[in-house]
Amino acid sequence: MFGVQMIDESEQERKQICSAIGERMRRARKENDITLDILAQRTGFSKSYLSQIENMKREPTIGTLTKIAYAMSIDALFLISGLQQEAEGKEFTVVRADERKVMPDAFRLKGLKYESLAYKKHDRLMDAYIVEMGPDFPQNTKPWQGQEFTFVLEGTHEFVYDGKSHLMHEGDAYYFDSTKPYKGRRIGAKPARILVVFTSTEGKTGLHKRREGRSAGRSPQNGRS
């Protein structure tokens, strides 16, 4: 009975987290005058998939949510967790080892852990995470309009890109376009940790144009980049 109760409580917490994420996503999108069609164009995700996230019918990965936040020029940590960070110096920020932000347990896939490294830089053009991979492939990953760089910090993992499998070891690095299907999983019992850095192929020009236009029209809202 205790085990069943724990499962029920975990599922309830998961639903509450996803509901809050959907609400923050919808609110940020409307405040920034971004339609689902526009967001779909910026991210490469389908309009129906984005709508399902907002309406709690799909549970996206943390990586997917970070890409959505990036496309809306809002803080990814705020979209995922609701935490609002104080802005720091524009040119230089530091995240100490004990300051990394770990994503909520109830929202992580089995065995998958994300630590945010770049959240203090509010006008950033890249996002970076240390990811601890699980033993199974995630089931809800989606291609998107961007690029990713990965460096293997520890362990061995299998990375499948566009249907082709690659075995990656400590010290290896790889760079790829995110427009093709991809997924990864840990191999063996030893932890598999990777540094992941990604950015949108919209690039600096598109992102800065959106931010400059928003700044000229109105003051930034709390929780926004």
# chains A, B, ... in the order shown; residues from 1 in each chain; ligands from 1
$ select_by_dssp --residues "segment 5-219 of chain A" --states "strand (DSSP E or B)" --output "compact mmCIF listing (two decimals) with C-alpha atoms, in the first residue's frame"
# COMPACT_ATOMS: atom_id res chain seq x y z
CA ILE A 74 12.44 33.86 -22.04
CA LYS A 101 20.24 24.30 -10.95
CA VAL A 102 18.93 20.72 -11.01
CA LYS A 113 19.31 14.29 -14.66
CA TYR A 114 19.78 17.84 -15.97
CA GLU A 115 21.95 20.52 -14.32
CA SER A 116 21.67 24.01 -15.83
CA ASP A 127 22.27 27.01 -23.33
CA ALA A 128 24.41 24.48 -21.51
CA TYR A 129 23.61 21.50 -19.29
CA ILE A 130 25.44 18.66 -17.61
CA VAL A 131 23.25 15.65 -18.32
CA GLU A 132 23.40 12.31 -16.54
CA GLY A 146 19.18 24.11 -34.04
CA GLN A 147 22.63 22.65 -33.45
CA GLU A 148 24.15 20.82 -30.48
CA PHE A 149 27.65 20.13 -29.22
CA THR A 150 28.30 17.31 -26.75
CA PHE A 151 31.43 16.41 -24.77
CA VAL A 152 31.53 13.11 -22.86
CA LEU A 153 32.58 13.77 -19.27
CA GLU A 154 32.23 10.26 -17.89
CA THR A 156 29.99 5.23 -22.12
CA HIS A 157 26.74 5.85 -23.96
CA GLU A 158 25.00 5.00 -27.20
CA PHE A 159 23.92 7.93 -29.36
CA VAL A 160 21.56 7.31 -32.27
CA TYR A 161 21.44 10.05 -34.90
CA LYS A 164 22.58 5.36 -37.10
CA SER A 165 24.05 4.20 -33.79
CA HIS A 166 27.33 5.55 -32.38
CA LEU A 167 29.16 4.36 -29.25
CA MET A 168 30.62 7.31 -27.31
CA ALA A 173 32.97 14.99 -28.56
CA TYR A 174 30.35 15.36 -31.29
CA TYR A 175 28.49 18.17 -33.02
CA PHE A 176 25.26 17.78 -34.99
CA ASP A 177 22.27 19.48 -36.53
CA TYR A 182 18.32 11.66 -32.17
CA LYS A 183 18.43 9.97 -28.76
CA GLY A 184 20.90 8.58 -26.27
CA ARG A 185 21.22 6.09 -23.41
CA ARG A 186 23.81 4.94 -20.90
CA ILE A 187 25.73 1.72 -21.57
CA ARG A 193 27.61 12.24 -17.88
CA ILE A 194 27.84 14.65 -20.79
CA LEU A 195 28.19 18.38 -21.30
CA VAL A 196 25.58 19.57 -23.80
CA VAL A 197 25.63 23.02 -25.43
CA PHE A 198 23.03 24.02 -27.98
CA THR A 199 21.78 27.04 -29.89
CA SER A 200 19.08 27.88 -32.40
$ closest_atom_pairs --of "segment 71-161 of chain A" --to "segment 30-44 of chain A" --cutoff "12 Å" --atoms "only C-alpha atoms" --output "tab-separated table"
residue	atom	partner	partner_atom	distance
A:Ala71	CA	A:Arg42	CA	5.9
A:Met72	CA	A:Asn32	CA	7.4
A:Ser73	CA	A:Asn32	CA	8.9
A:Ile74	CA	A:Asn32	CA	9.5
A:Lys142	CA	A:Gly44	CA	8.9
A:Pro143	CA	A:Gly44	CA	7.2
A:Trp144	CA	A:Gly44	CA	4.6
A:Gln145	CA	A:Gly44	CA	5.1
A:Gly146	CA	A:Thr43	CA	8.0
A:Gln147	CA	A:Thr43	CA	11.7
$ write_last_selection --atoms "N, CA and C atoms" --output "compact mmCIF listing (two decimals), in the first residue's frame"
# COMPACT_ATOMS: atom_id res chain seq x y z
N ALA A 71 13.27 30.09 -28.09
CA ALA A 71 12.55 30.64 -29.24
C ALA A 71 11.63 31.80 -28.84
N MET A 72 11.22 31.84 -27.56
CA MET A 72 10.36 32.92 -27.07
C MET A 72 11.15 34.01 -26.36
N SER A 73 12.48 33.84 -26.30
CA SER A 73 13.36 34.81 -25.61
C SER A 73 13.01 34.96 -24.14
N ILE A 74 12.68 33.84 -23.48
CA ILE A 74 12.44 33.86 -22.04
C ILE A 74 13.43 32.94 -21.35
N LYS A 142 12.26 15.23 -29.71
CA LYS A 142 11.78 15.80 -30.97
C LYS A 142 12.90 16.54 -31.68
N PRO A 143 13.03 16.36 -33.01
CA PRO A 143 13.98 17.20 -33.76
C PRO A 143 13.54 18.66 -33.68
N TRP A 144 14.49 19.57 -33.84
CA TRP A 144 14.17 20.99 -33.78
C TRP A 144 15.18 21.77 -34.63
N GLN A 145 14.93 23.05 -34.84
CA GLN A 145 15.79 23.87 -35.70
C GLN A 145 16.96 24.42 -34.88
N GLY A 146 18.04 23.67 -34.81
CA GLY A 146 19.18 24.11 -34.04
C GLY A 146 20.39 23.22 -34.24
N GLN A 147 21.42 23.46 -33.44
CA GLN A 147 22.63 22.65 -33.45
C GLN A 147 23.04 22.35 -32.01
$ residues_around --residues "Glu23 of chain A" --least-positions-apart "5" --cutoff "9 Å" --atoms "only C-alpha atoms" --output "PyMOL selection string"
chain A and resi 18+28+54-55
$ closest_residue --among "A:Val94, A:Leu117, A:Leu79, A:Ile17" --to "Lys67 of chain A" --atoms "only C-alpha atoms"
A:Leu79
$ select_by_dssp --residues "segment 69-186 of chain A" --states "alpha helix (DSSP H)" --output "compact mmCIF listing (two decimals) with C-alpha atoms, in the first residue's frame"
# COMPACT_ATOMS: atom_id res chain seq x y z
CA ALA A 69 12.04 29.09 -24.07
CA TYR A 70 14.92 30.11 -26.31
CA ALA A 71 12.55 30.64 -29.24
CA MET A 72 10.36 32.92 -27.07
CA ALA A 76 14.45 28.45 -19.63
CA LEU A 77 14.82 27.89 -15.89
CA PHE A 78 11.74 30.04 -15.27
CA LEU A 79 9.68 28.13 -17.86
CA ILE A 80 10.69 24.75 -16.44
CA SER A 81 10.70 25.43 -12.69
$ closest_residue --among "A:Ile68, A:Lys190, A:Met133, A:Phe92" --to "Lys121 of chain A" --atoms "only C-alpha atoms"
A:Phe92
$ atom_distance --atom1 "atom CA of Asp75 of chain A" --atom2 "atom CA of Val95 of chain A"
15.5 Å
$ atom_distance --atom1 "atom CA of Phe45 of chain A" --atom2 "atom CA of Gly134 of chain A"
24.2 Å
